[in-house]
Amino acid sequence: MKVAIIGAGNMGGAIAKGLAQGTIIKNRDIIVADPDIKKLEQLQSHAPEISIVTQNQEAVNWADVIILAVKPWLVSEVLGQLRIDPERQLLISIAAGVSLEQLAQITSSKMTIFRLVPNTAISEMASMTLISSFNASEEQERQIVDIFNEMGLAMLIPESQIAATTALTSCGIAYVLKYIYAATEAGVEMGVYPKAAMKMIAQSVKGAAELILNNDTHPAIEIDKVTTPGGITIKGLNELDHAGFTSAIIKAMKASR
């Protein structure tokens with residue numbers, strides 16, 4: 001399978017790096033197109049075997065799968081200029097807010113299309129990637145899920161859930177990073193060097209995630225395990241609740257829909 005990525009920006013570049021680290025798609029079967037040659041050369045320095053071109057159609061002609069990684073307001077312009085064969089090629093779009101129906105109107109009603117919502121951790125093989133499809137067979141859906149499972153965790157969902165789940169994942173990673181940043185500042189105030197504090201907190205966040213992902217458990221159960229009566233953890237948790245922590249998270253997620 002040959003994959004063309006149209007756009008070498010933050011997400012396009014992250015996907016290219018993630019694909020290059022996987023085993024399903026060979027590096028020599030990845031091509032990235034972008035008008036900015038400096039971005040392309042920087043990307044190629046991370047994965048020398050991938051191909052780079054400045055002409056979008058050149059990349060499309062070569063590929064079986066086209067990943068459209070441009071800003072939402074550029075989708076119509078960029079996609080409208082491309083000649084894609086709906087009988088032979090698949091289209092994957094990561095443009096936020098551009099529906100499967102809109103993509104089909106720009107291309108073809110016969111086009112097999114996937115909407116993807118990854119997050120920037122895809123470059124670290126740790127993305128939570130949401131996937132919806134149009135005109136796709138079960139085999140095609142399984143194939144795309146398998147590819148993006150190599151770069152973290154991928155889930156097939158109805159398109160109607162994309163807005164809500166994007167708040168949880170694509171936006172949500174920023175909220176987790178905000179917690180790490182805030183906790184680091186607390187560590188500095190308590191006398192810990194910033195880099196050391198940040199590493200400690202990041203590993204603690206990673207550990208909490210692994211507890212949930214690797215076990216049949218729930219956050220409340222894991223919290224109970226570390227909150228001894230009269231202990232320091234329950235005092236801190238109660239301070240979070242007094243300050244409206246849970247409510248703030250819920251409001252942030254709902255605002256991101």
# chains A, B, ... in the order shown; residues from 1 in each chain; ligands from 1
$ residues_around --residues "Leu79 (chain A)" --least-positions-apart "3" --cutoff "12 Å" --atoms "only C-alpha atoms" --output "CSV table (one decimal) with all heavy atoms, in the first residue's frame"
chain,number,residue,atom,x,y,z
A,6,ILE,N,-0.8,14.8,1.9
A,6,ILE,CA,-0.9,16.1,1.3
A,6,ILE,C,-0.9,17.2,2.5
A,6,ILE,O,-1.8,17.3,3.2
A,6,ILE,CB,-2.2,16.4,0.5
A,6,ILE,CG1,-2.3,15.2,-0.5
A,6,ILE,CG2,-2.1,17.7,-0.2
A,6,ILE,CD1,-1.2,15.1,-1.5
A,7,GLY,N,0.3,17.8,2.6
A,7,GLY,CA,0.5,18.7,3.7
A,7,GLY,C,1.5,18.2,4.7
A,7,GLY,O,1.4,17.1,5.3
A,56,ASN,N,1.1,18.4,-5.4
A,56,ASN,CA,0.2,17.5,-4.8
A,56,ASN,C,-0.2,16.4,-5.7
A,56,ASN,O,-0.3,15.2,-5.3
A,56,ASN,CB,-1.1,18.3,-4.3
A,56,ASN,CG,-0.8,19.2,-3.2
A,56,ASN,OD1,0.2,19.1,-2.4
A,56,ASN,ND2,-1.6,20.2,-3.0
A,57,GLN,N,-0.5,16.7,-7.0
A,57,GLN,CA,-1.0,15.7,-7.9
A,57,GLN,C,0.0,14.6,-8.2
A,57,GLN,O,-0.3,13.5,-8.4
A,57,GLN,CB,-1.4,16.4,-9.2
A,57,GLN,CG,-2.2,15.4,-10.2
A,57,GLN,CD,-3.5,14.9,-9.6
A,57,GLN,OE1,-4.3,15.7,-9.2
A,57,GLN,NE2,-3.7,13.6,-9.6
A,60,VAL,N,-0.4,12.2,-5.4
A,60,VAL,CA,-1.7,11.5,-5.6
A,60,VAL,C,-1.6,10.4,-6.7
A,60,VAL,O,-2.1,9.3,-6.5
A,60,VAL,CB,-2.8,12.5,-5.9
A,60,VAL,CG1,-4.1,11.7,-6.3
A,60,VAL,CG2,-3.1,13.4,-4.7
A,66,ILE,N,-4.7,8.4,0.0
A,66,ILE,CA,-4.4,9.9,0.1
A,66,ILE,C,-4.8,10.4,1.4
A,66,ILE,O,-6.0,10.3,1.8
A,66,ILE,CB,-5.0,10.7,-1.1
A,66,ILE,CG1,-4.5,10.2,-2.4
A,66,ILE,CG2,-4.7,12.2,-0.9
A,66,ILE,CD1,-5.4,9.3,-3.2
A,67,ILE,N,-3.9,10.9,2.2
A,67,ILE,CA,-4.2,11.5,3.5
A,67,ILE,C,-4.2,13.0,3.3
A,67,ILE,O,-3.1,13.6,3.0
A,67,ILE,CB,-3.2,11.1,4.6
A,67,ILE,CG1,-3.3,9.6,4.8
A,67,ILE,CG2,-3.6,11.8,5.9
A,67,ILE,CD1,-2.3,9.0,5.8
A,68,LEU,N,-5.3,13.7,3.4
A,68,LEU,CA,-5.4,15.1,3.3
A,68,LEU,C,-5.2,15.8,4.6
A,68,LEU,O,-6.0,15.7,5.5
A,68,LEU,CB,-6.8,15.5,2.7
A,68,LEU,CG,-7.0,16.9,2.3
A,68,LEU,CD1,-6.1,17.3,1.1
A,68,LEU,CD2,-8.5,17.2,2.0
A,69,ALA,N,-4.0,16.4,4.8
A,69,ALA,CA,-3.7,17.0,6.1
A,69,ALA,C,-3.5,18.5,5.9
A,69,ALA,O,-2.4,19.0,6.2
A,69,ALA,CB,-2.4,16.3,6.6
A,70,VAL,N,-4.5,19.2,5.4
A,70,VAL,CA,-4.4,20.6,5.3
A,70,VAL,C,-5.5,21.3,6.2
A,70,VAL,O,-6.4,20.6,6.7
A,70,VAL,CB,-4.7,21.1,3.8
A,70,VAL,CG1,-3.6,20.5,2.9
A,70,VAL,CG2,-6.1,20.7,3.4
A,71,LYS,N,-5.4,22.6,6.4
A,71,LYS,CA,-6.3,23.3,7.3
A,71,LYS,C,-7.7,23.2,6.7
A,71,LYS,O,-7.9,23.1,5.4
A,71,LYS,CB,-5.9,24.8,7.4
A,71,LYS,CG,-4.6,25.0,8.0
A,71,LYS,CD,-4.5,24.5,9.4
A,71,LYS,CE,-3.2,24.8,10.1
A,71,LYS,NZ,-3.0,24.3,11.4
A,72,PRO,N,-8.8,23.2,7.5
A,72,PRO,CA,-10.1,23.0,7.0
A,72,PRO,C,-10.5,24.0,5.9
A,72,PRO,O,-11.2,23.6,5.0
A,72,PRO,CB,-11.0,23.2,8.3
A,72,PRO,CG,-10.1,22.8,9.4
A,72,PRO,CD,-8.7,23.2,9.0
A,73,TRP,N,-10.1,25.3,6.0
A,73,TRP,CA,-10.5,26.3,5.0
A,73,TRP,C,-9.8,26.1,3.7
A,73,TRP,O,-10.1,26.7,2.7
A,73,TRP,CB,-10.3,27.7,5.6
A,73,TRP,CG,-8.9,28.0,6.0
A,73,TRP,CD1,-7.8,28.4,5.3
A,73,TRP,CD2,-8.4,27.8,7.3
A,73,TRP,NE1,-6.7,28.6,6.0
A,73,TRP,CE2,-7.0,28.2,7.3
A,73,TRP,CE3,-8.9,27.4,8.6
A,73,TRP,CZ2,-6.2,28.2,8.4
A,73,TRP,CZ3,-8.1,27.4,9.7
A,73,TRP,CH2,-6.8,27.8,9.6
A,74,LEU,N,-8.8,25.2,3.6
A,74,LEU,CA,-8.1,24.9,2.4
A,74,LEU,C,-8.6,23.6,1.7
A,74,LEU,O,-8.2,23.3,0.6
A,74,LEU,CB,-6.6,24.8,2.7
A,74,LEU,CG,-5.9,26.1,3.0
A,74,LEU,CD1,-4.4,25.8,3.4
A,74,LEU,CD2,-5.9,27.1,1.9
A,75,VAL,N,-9.4,22.9,2.4
A,75,VAL,CA,-9.9,21.6,1.9
A,75,VAL,C,-10.5,21.7,0.5
A,75,VAL,O,-10.1,21.0,-0.4
A,75,VAL,CB,-10.8,20.9,2.9
A,75,VAL,CG1,-11.5,19.7,2.2
A,75,VAL,CG2,-10.1,20.4,4.1
A,76,SER,N,-11.5,22.6,0.4
A,76,SER,CA,-12.2,22.7,-0.9
A,76,SER,C,-11.2,23.1,-2.0
A,76,SER,O,-11.3,22.5,-3.1
A,76,SER,CB,-13.3,23.7,-0.8
A,76,SER,OG,-14.1,23.8,-2.0
A,82,LEU,N,-7.4,18.2,-7.2
A,82,LEU,CA,-6.8,16.9,-7.3
A,82,LEU,C,-7.7,16.0,-8.1
A,82,LEU,O,-8.9,16.0,-8.0
A,82,LEU,CB,-6.6,16.3,-5.9
A,82,LEU,CG,-5.6,17.0,-5.0
A,82,LEU,CD1,-5.6,16.3,-3.7
A,82,LEU,CD2,-4.2,17.1,-5.6
A,83,ARG,N,-7.0,15.1,-8.9
A,83,ARG,CA,-7.7,14.1,-9.7
A,83,ARG,C,-7.5,12.8,-8.9
A,83,ARG,O,-6.4,12.2,-8.9
A,83,ARG,CB,-7.2,14.0,-11.1
A,83,ARG,CG,-7.5,15.3,-11.9
A,83,ARG,CD,-7.0,15.1,-13.4
A,83,ARG,NE,-5.6,14.8,-13.5
A,83,ARG,CZ,-4.6,15.7,-13.4
A,83,ARG,NH1,-4.9,17.0,-13.2
A,83,ARG,NH2,-3.4,15.3,-13.5
A,84,ILE,N,-8.6,12.3,-8.3
A,84,ILE,CA,-8.5,11.1,-7.5
A,84,ILE,C,-9.4,10.0,-8.1
A,84,ILE,O,-10.5,10.4,-8.5
A,84,ILE,CB,-8.8,11.3,-6.0
A,84,ILE,CG1,-8.0,12.4,-5.4
A,84,ILE,CG2,-8.7,10.0,-5.2
A,84,ILE,CD1,-8.4,12.8,-4.0
A,91,LEU,N,-9.5,8.0,0.3
A,91,LEU,CA,-9.2,9.3,0.8
A,91,LEU,C,-9.4,9.4,2.3
A,91,LEU,O,-10.4,8.9,2.8
A,91,LEU,CB,-10.2,10.4,0.1
A,91,LEU,CG,-10.1,11.8,0.6
A,91,LEU,CD1,-8.7,12.4,0.3
A,91,LEU,CD2,-11.2,12.7,0.0
A,92,ILE,N,-8.4,9.9,3.0
A,92,ILE,CA,-8.5,10.1,4.4
A,92,ILE,C,-8.3,11.6,4.7
A,92,ILE,O,-7.3,12.2,4.2
A,92,ILE,CB,-7.4,9.3,5.1
A,92,ILE,CG1,-7.6,7.8,4.9
A,92,ILE,CG2,-7.4,9.6,6.6
A,92,ILE,CD1,-6.5,7.0,5.5
A,93,SER,N,-9.2,12.2,5.4
A,93,SER,CA,-9.1,13.6,5.7
A,93,SER,C,-9.0,13.8,7.2
A,93,SER,O,-9.7,13.1,8.0
A,93,SER,CB,-10.4,14.3,5.3
A,93,SER,OG,-10.4,15.7,5.8
A,95,ALA,N,-9.1,17.0,8.4
A,95,ALA,CA,-9.6,18.4,8.5
A,95,ALA,C,-10.7,18.5,9.5
A,95,ALA,O,-11.8,17.9,9.2
A,95,ALA,CB,-10.0,19.0,7.1
A,98,VAL,N,-14.9,19.2,8.6
A,98,VAL,CA,-15.3,19.0,7.3
A,98,VAL,C,-15.9,17.6,7.2
A,98,VAL,O,-15.2,16.6,7.4
A,98,VAL,CB,-14.1,19.1,6.3
A,98,VAL,CG1,-14.6,18.9,4.9
A,98,VAL,CG2,-13.5,20.5,6.4
A,102,GLN,N,-19.5,16.4,2.8
A,102,GLN,CA,-18.8,17.5,2.1
A,102,GLN,C,-17.7,17.0,1.3
A,102,GLN,O,-17.5,17.5,0.2
A,102,GLN,CB,-18.4,18.6,3.2
A,102,GLN,CG,-19.5,19.4,3.8
A,102,GLN,CD,-19.0,20.3,4.9
A,102,GLN,OE1,-18.3,19.8,5.8
A,102,GLN,NE2,-19.3,21.5,4.9
A,103,LEU,N,-16.9,16.1,1.9
A,103,LEU,CA,-15.8,15.5,1.1
A,103,LEU,C,-16.2,14.8,-0.1
A,103,LEU,O,-15.6,14.9,-1.2
A,103,LEU,CB,-15.0,14.6,2.1
A,103,LEU,CG,-14.3,15.3,3.2
A,103,LEU,CD1,-13.8,14.3,4.3
A,103,LEU,CD2,-13.1,16.1,2.7
A,104,ALA,N,-17.4,14.1,0.0
A,104,ALA,CA,-17.9,13.3,-1.1
A,104,ALA,C,-18.4,14.3,-2.2
A,104,ALA,O,-18.3,14.0,-3.4
A,104,ALA,CB,-19.1,12.4,-0.7
A,105,GLN,N,-19.0,15.4,-1.8
A,105,GLN,CA,-19.4,16.4,-2.8
A,105,GLN,C,-18.3,17.0,-3.6
A,105,GLN,O,-18.4,17.3,-4.7
A,105,GLN,CB,-20.2,17.5,-2.0
A,105,GLN,CG,-21.6,17.1,-1.5
A,105,GLN,CD,-22.3,18.2,-0.7
A,105,GLN,OE1,-21.7,19.2,-0.3
A,105,GLN,NE2,-23.6,18.0,-0.4
A,106,ILE,N,-17.1,17.2,-2.9
A,106,ILE,CA,-16.0,17.8,-3.6
A,106,ILE,C,-15.3,16.7,-4.5
A,106,ILE,O,-14.8,17.1,-5.6
A,106,ILE,CB,-14.9,18.3,-2.6
A,106,ILE,CG1,-15.5,19.4,-1.7
A,106,ILE,CG2,-13.7,18.8,-3.3
A,106,ILE,CD1,-14.7,19.7,-0.5
A,107,THR,N,-15.4,15.5,-4.1
A,107,THR,CA,-14.7,14.4,-4.9
A,107,THR,C,-15.7,13.6,-5.7
A,107,THR,O,-15.9,13.9,-6.9
A,107,THR,CB,-13.9,13.5,-3.9
A,107,THR,OG1,-14.8,12.9,-2.9
A,107,THR,CG2,-12.8,14.2,-3.3
A,108,SER,N,-16.3,12.6,-5.1
A,108,SER,CA,-17.3,11.8,-5.8
A,108,SER,C,-18.1,11.0,-4.8
A,108,SER,O,-17.6,10.6,-3.7
A,108,SER,CB,-16.5,10.8,-6.7
A,108,SER,OG,-17.4,9.7,-7.2
$ residues_around --residues "region 199-210 of chain A" --least-positions-apart "4" --cutoff "10 Å" --atoms "only C-alpha atoms" --output "number ranges by chain"
A: 176-177, 179-181, 183-184, 187, 194-195, 214-215, 219, 222-223
$ residues_around --residues "Ser132 (chain A)" --least-positions-apart "3" --cutoff "6 Å" --atoms "only C-alpha atoms" --output "list in words"
Phe114, Arg115, Leu156, Ile157, Pro158 and Glu159 of chain A
$ closest_residue --among "A:Met198, A:Ala182, A:Met128, A:Leu40" --to "Val145 (chain A)" --atoms "only C-alpha atoms"
A:Met128
$ closest_residue --among "A:Glu41, A:Asp36, A:Asp29, A:Glu185" --to "Thr54 (chain A)" --atoms "only C-alpha atoms"
A:Asp36
$ select_by_dssp --residues "region 62-110 of chain A" --states "alpha helix (DSSP H)" --output "PDB file with all heavy atoms, in the first residue's frame"
ATOM      1  N   TRP A  62       0.717   8.592  -7.552  1.00  0.00           N
ATOM      2  CA  TRP A  62       1.579   7.486  -7.139  1.00  0.00           C
ATOM      3  C   TRP A  62       0.924   6.598  -6.067  1.00  0.00           C
ATOM      4  O   TRP A  62       1.339   5.460  -5.863  1.00  0.00           O
ATOM      5  CB  TRP A  62       2.878   8.103  -6.610  1.00  0.00           C
ATOM      6  CG  TRP A  62       3.918   7.178  -6.091  1.00  0.00           C
ATOM      7  CD1 TRP A  62       4.861   6.503  -6.822  1.00  0.00           C
ATOM      8  CD2 TRP A  62       4.170   6.855  -4.723  1.00  0.00           C
ATOM      9  NE1 TRP A  62       5.675   5.776  -5.988  1.00  0.00           N
ATOM     10  CE2 TRP A  62       5.267   5.978  -4.686  1.00  0.00           C
ATOM     11  CE3 TRP A  62       3.562   7.222  -3.518  1.00  0.00           C
ATOM     12  CZ2 TRP A  62       5.776   5.462  -3.506  1.00  0.00           C
ATOM     13  CZ3 TRP A  62       4.053   6.709  -2.341  1.00  0.00           C
ATOM     14  CH2 TRP A  62       5.154   5.833  -2.345  1.00  0.00           C
ATOM     15  N   VAL A  75      -9.441  22.867   2.399  1.00  0.00           N
ATOM     16  CA  VAL A  75      -9.866  21.561   1.879  1.00  0.00           C
ATOM     17  C   VAL A  75     -10.495  21.673   0.504  1.00  0.00           C
ATOM     18  O   VAL A  75     -10.129  20.955  -0.441  1.00  0.00           O
ATOM     19  CB  VAL A  75     -10.840  20.866   2.864  1.00  0.00           C
ATOM     20  CG1 VAL A  75     -11.527  19.669   2.183  1.00  0.00           C
ATOM     21  CG2 VAL A  75     -10.091  20.394   4.098  1.00  0.00           C
ATOM     22  N   SER A  76     -11.465  22.562   0.365  1.00  0.00           N
ATOM     23  CA  SER A  76     -12.181  22.683  -0.906  1.00  0.00           C
ATOM     24  C   SER A  76     -11.239  23.064  -2.040  1.00  0.00           C
ATOM     25  O   SER A  76     -11.289  22.479  -3.133  1.00  0.00           O
ATOM     26  CB  SER A  76     -13.302  23.718  -0.773  1.00  0.00           C
ATOM     27  OG  SER A  76     -14.050  23.799  -1.965  1.00  0.00           O
ATOM     28  N   GLU A  77     -10.359  24.017  -1.767  1.00  0.00           N
ATOM     29  CA  GLU A  77      -9.428  24.481  -2.796  1.00  0.00           C
ATOM     30  C   GLU A  77      -8.439  23.391  -3.190  1.00  0.00           C
ATOM     31  O   GLU A  77      -8.244  23.100  -4.375  1.00  0.00           O
ATOM     32  CB  GLU A  77      -8.668  25.703  -2.281  1.00  0.00           C
ATOM     33  CG  GLU A  77      -7.625  26.236  -3.256  1.00  0.00           C
ATOM     34  CD  GLU A  77      -6.799  27.373  -2.670  1.00  0.00           C
ATOM     35  OE1 GLU A  77      -7.181  27.902  -1.599  1.00  0.00           O
ATOM     36  OE2 GLU A  77      -5.767  27.717  -3.269  1.00  0.00           O
ATOM     37  N   VAL A  78      -7.819  22.762  -2.194  1.00  0.00           N
ATOM     38  CA  VAL A  78      -6.791  21.747  -2.465  1.00  0.00           C
ATOM     39  C   VAL A  78      -7.399  20.493  -3.062  1.00  0.00           C
ATOM     40  O   VAL A  78      -6.927  19.973  -4.086  1.00  0.00           O
ATOM     41  CB  VAL A  78      -6.011  21.416  -1.171  1.00  0.00           C
ATOM     42  CG1 VAL A  78      -5.057  20.243  -1.405  1.00  0.00           C
ATOM     43  CG2 VAL A  78      -5.239  22.636  -0.686  1.00  0.00           C
ATOM     44  N   LEU A  79      -8.464  19.998  -2.424  1.00  0.00           N
ATOM     45  CA  LEU A  79      -9.081  18.753  -2.890  1.00  0.00           C
ATOM     46  C   LEU A  79      -9.737  18.933  -4.256  1.00  0.00           C
ATOM     47  O   LEU A  79      -9.713  18.012  -5.093  1.00  0.00           O
ATOM     48  CB  LEU A  79     -10.107  18.283  -1.854  1.00  0.00           C
ATOM     49  CG  LEU A  79     -10.625  16.843  -1.975  1.00  0.00           C
ATOM     50  CD1 LEU A  79      -9.476  15.850  -2.013  1.00  0.00           C
ATOM     51  CD2 LEU A  79     -11.562  16.532  -0.811  1.00  0.00           C
ATOM     52  N   GLY A  80     -10.296  20.110  -4.484  1.00  0.00           N
ATOM     53  CA  GLY A  80     -10.959  20.369  -5.761  1.00  0.00           C
ATOM     54  C   GLY A  80     -10.013  20.348  -6.951  1.00  0.00           C
ATOM     55  O   GLY A  80     -10.441  20.132  -8.094  1.00  0.00           O
ATOM     56  N   LEU A 100     -17.987  14.014   6.079  1.00  0.00           N
ATOM     57  CA  LEU A 100     -17.849  13.014   5.021  1.00  0.00           C
ATOM     58  C   LEU A 100     -18.693  13.407   3.806  1.00  0.00           C
ATOM     59  O   LEU A 100     -18.265  13.246   2.660  1.00  0.00           O
ATOM     60  CB  LEU A 100     -18.268  11.639   5.539  1.00  0.00           C
ATOM     61  CG  LEU A 100     -17.341  10.993   6.574  1.00  0.00           C
ATOM     62  CD1 LEU A 100     -18.015   9.796   7.234  1.00  0.00           C
ATOM     63  CD2 LEU A 100     -16.019  10.573   5.938  1.00  0.00           C
ATOM     64  N   GLU A 101     -19.885  13.934   4.060  1.00  0.00           N
ATOM     65  CA  GLU A 101     -20.766  14.363   2.974  1.00  0.00           C
ATOM     66  C   GLU A 101     -20.124  15.484   2.161  1.00  0.00           C
ATOM     67  O   GLU A 101     -20.170  15.482   0.926  1.00  0.00           O
ATOM     68  CB  GLU A 101     -22.104  14.823   3.539  1.00  0.00           C
ATOM     69  CG  GLU A 101     -23.112  15.233   2.465  1.00  0.00           C
ATOM     70  CD  GLU A 101     -24.438  15.696   3.044  1.00  0.00           C
ATOM     71  OE1 GLU A 101     -24.614  15.635   4.275  1.00  0.00           O
ATOM     72  OE2 GLU A 101     -25.301  16.115   2.239  1.00  0.00           O
ATOM     73  N   GLN A 102     -19.515  16.449   2.840  1.00  0.00           N
ATOM     74  CA  GLN A 102     -18.849  17.546   2.143  1.00  0.00           C
ATOM     75  C   GLN A 102     -17.677  17.038   1.312  1.00  0.00           C
ATOM     76  O   GLN A 102     -17.462  17.479   0.177  1.00  0.00           O
ATOM     77  CB  GLN A 102     -18.366  18.587   3.158  1.00  0.00           C
ATOM     78  CG  GLN A 102     -19.484  19.381   3.804  1.00  0.00           C
ATOM     79  CD  GLN A 102     -18.973  20.263   4.937  1.00  0.00           C
ATOM     80  OE1 GLN A 102     -18.257  19.803   5.831  1.00  0.00           O
ATOM     81  NE2 GLN A 102     -19.330  21.535   4.901  1.00  0.00           N
ATOM     82  N   LEU A 103     -16.928  16.099   1.861  1.00  0.00           N
ATOM     83  CA  LEU A 103     -15.788  15.536   1.146  1.00  0.00           C
ATOM     84  C   LEU A 103     -16.241  14.782  -0.100  1.00  0.00           C
ATOM     85  O   LEU A 103     -15.615  14.858  -1.153  1.00  0.00           O
ATOM     86  CB  LEU A 103     -14.992  14.606   2.069  1.00  0.00           C
ATOM     87  CG  LEU A 103     -14.280  15.296   3.240  1.00  0.00           C
ATOM     88  CD1 LEU A 103     -13.838  14.277   4.273  1.00  0.00           C
ATOM     89  CD2 LEU A 103     -13.076  16.099   2.748  1.00  0.00           C
ATOM     90  N   ALA A 104     -17.378  14.072   0.027  1.00  0.00           N
ATOM     91  CA  ALA A 104     -17.927  13.338  -1.116  1.00  0.00           C
ATOM     92  C   ALA A 104     -18.419  14.290  -2.200  1.00  0.00           C
ATOM     93  O   ALA A 104     -18.292  14.012  -3.396  1.00  0.00           O
ATOM     94  CB  ALA A 104     -19.052  12.419  -0.657  1.00  0.00           C
ATOM     95  N   GLN A 105     -18.979  15.423  -1.784  1.00  0.00           N
ATOM     96  CA  GLN A 105     -19.446  16.419  -2.758  1.00  0.00           C
ATOM     97  C   GLN A 105     -18.289  17.010  -3.556  1.00  0.00           C
ATOM     98  O   GLN A 105     -18.416  17.286  -4.748  1.00  0.00           O
ATOM     99  CB  GLN A 105     -20.217  17.532  -2.038  1.00  0.00           C
ATOM    100  CG  GLN A 105     -21.594  17.104  -1.546  1.00  0.00           C
ATOM    101  CD  GLN A 105     -22.277  18.172  -0.707  1.00  0.00           C
ATOM    102  OE1 GLN A 105     -21.651  19.168  -0.333  1.00  0.00           O
ATOM    103  NE2 GLN A 105     -23.551  17.978  -0.409  1.00  0.00           N
ATOM    104  N   ILE A 106     -17.147  17.186  -2.902  1.00  0.00           N
ATOM    105  CA  ILE A 106     -15.979  17.755  -3.580  1.00  0.00           C
ATOM    106  C   ILE A 106     -15.334  16.728  -4.510  1.00  0.00           C
ATOM    107  O   ILE A 106     -14.838  17.085  -5.585  1.00  0.00           O
ATOM    108  CB  ILE A 106     -14.945  18.255  -2.554  1.00  0.00           C
ATOM    109  CG1 ILE A 106     -15.547  19.355  -1.675  1.00  0.00           C
ATOM    110  CG2 ILE A 106     -13.687  18.785  -3.254  1.00  0.00           C
ATOM    111  CD1 ILE A 106     -14.695  19.715  -0.477  1.00  0.00           C
TER     112      ILE A 106
END
$ atom_distance --atom1 "CA of Leu90 (chain A)" --atom2 "CA of Gly152 (chain A)"
21.7 Å
$ select_by_dssp --residues "region 153-216 of chain A" --states "strand (DSSP E or B)" --output "JSON, numbers by chain"
{"A": [153, 154, 155, 156]}
$ atom_distance --atom1 "CA of Lys251 (chain A)" --atom2 "CA of Tyr175 (chain A)"
11.7 Å
$ closest_residue --among "A:Gln21, A:Gln42, A:Ile94, A:Lys110" --to "Ile5 (chain A)" --atoms "only C-alpha atoms"
A:Ile94
$ atom_distance --atom1 "CA of Arg257 (chain A)" --atom2 "CA of Thr166 (chain A)"
7.2 Å
$ residues_around --residues "Ile37 (chain A)" --least-positions-apart "4" --cutoff "12 Å" --atoms "only C-alpha atoms" --output "list in words"
Gly7, Ala8, Gly9, Val32, Ala33, Glu41, Gln42, Leu43, Gln44, Ser51, Ile52, Val53, Thr54 and Gln55 of chain A
$ residues_around --residues "Cys171 (chain A)" --least-positions-apart "3" --cutoff "9 Å" --atoms "only C-alpha atoms" --output "number ranges by chain"
A: 119, 166-168, 174-175, 253, 256
$ write_last_selection --atoms "N, CA and C atoms" --output "PDB file, in the first residue's frame"
ATOM      1  N   ASN A 119      -4.353  12.905  17.422  1.00  0.00           N
ATOM      2  CA  ASN A 119      -3.765  14.024  18.143  1.00  0.00           C
ATOM      3  C   ASN A 119      -2.258  14.025  17.929  1.00  0.00           C
ATOM      4  N   THR A 166     -13.844  14.401  19.817  1.00  0.00           N
ATOM      5  CA  THR A 166     -12.698  15.279  19.550  1.00  0.00           C
ATOM      6  C   THR A 166     -12.359  16.097  20.795  1.00  0.00           C
ATOM      7  N   ALA A 167     -13.384  16.547  21.504  1.00  0.00           N
ATOM      8  CA  ALA A 167     -13.156  17.282  22.753  1.00  0.00           C
ATOM      9  C   ALA A 167     -12.407  16.426  23.764  1.00  0.00           C
ATOM     10  N   LEU A 168     -12.708  15.126  23.775  1.00  0.00           N
ATOM     11  CA  LEU A 168     -12.075  14.220  24.737  1.00  0.00           C
ATOM     12  C   LEU A 168     -10.634  13.893  24.372  1.00  0.00           C
ATOM     13  N   ALA A 174      -4.471  18.583  25.171  1.00  0.00           N
ATOM     14  CA  ALA A 174      -4.011  19.903  25.627  1.00  0.00           C
ATOM     15  C   ALA A 174      -4.376  20.126  27.095  1.00  0.00           C
ATOM     16  N   TYR A 175      -5.529  19.605  27.517  1.00  0.00           N
ATOM     17  CA  TYR A 175      -5.931  19.777  28.920  1.00  0.00           C
ATOM     18  C   TYR A 175      -5.020  18.968  29.841  1.00  0.00           C
ATOM     19  N   MET A 253     -14.510  20.473  28.305  1.00  0.00           N
ATOM     20  CA  MET A 253     -14.837  19.477  27.292  1.00  0.00           C
ATOM     21  C   MET A 253     -16.075  19.888  26.487  1.00  0.00           C
ATOM     22  N   SER A 256     -15.499  22.601  23.993  1.00  0.00           N
ATOM     23  CA  SER A 256     -14.659  22.219  22.849  1.00  0.00           C
ATOM     24  C   SER A 256     -15.421  21.486  21.755  1.00  0.00           C
TER      25      SER A 256
END
$ residues_around --residues "Met11 (chain A)" --least-positions-apart "3" --cutoff "7 Å" --atoms "only C-alpha atoms" --output "number ranges by chain"
A: 14-15, 69, 120
$ write_last_selection --atoms "N, CA and C atoms" --output "PDB file, in the first residue's frame"
ATOM      1  N   ALA A  14       3.451  14.923  11.665  1.00  0.00           N
ATOM      2  CA  ALA A  14       3.351  13.955  12.758  1.00  0.00           C
ATOM      3  C   ALA A  14       2.878  12.602  12.248  1.00  0.00           C
ATOM      4  N   ILE A  15       1.903  12.605  11.332  1.00  0.00           N
ATOM      5  CA  ILE A  15       1.416  11.353  10.769  1.00  0.00           C
ATOM      6  C   ILE A  15       2.511  10.668   9.954  1.00  0.00           C
ATOM      7  N   ALA A  69      -4.035  16.418   4.791  1.00  0.00           N
ATOM      8  CA  ALA A  69      -3.653  17.012   6.074  1.00  0.00           C
ATOM      9  C   ALA A  69      -3.451  18.509   5.925  1.00  0.00           C
ATOM     10  N   THR A 120      -1.585  15.058  18.388  1.00  0.00           N
ATOM     11  CA  THR A 120      -0.178  15.252  18.041  1.00  0.00           C
ATOM     12  C   THR A 120       0.736  14.167  18.603  1.00  0.00           C
TER      13      THR A 120
END
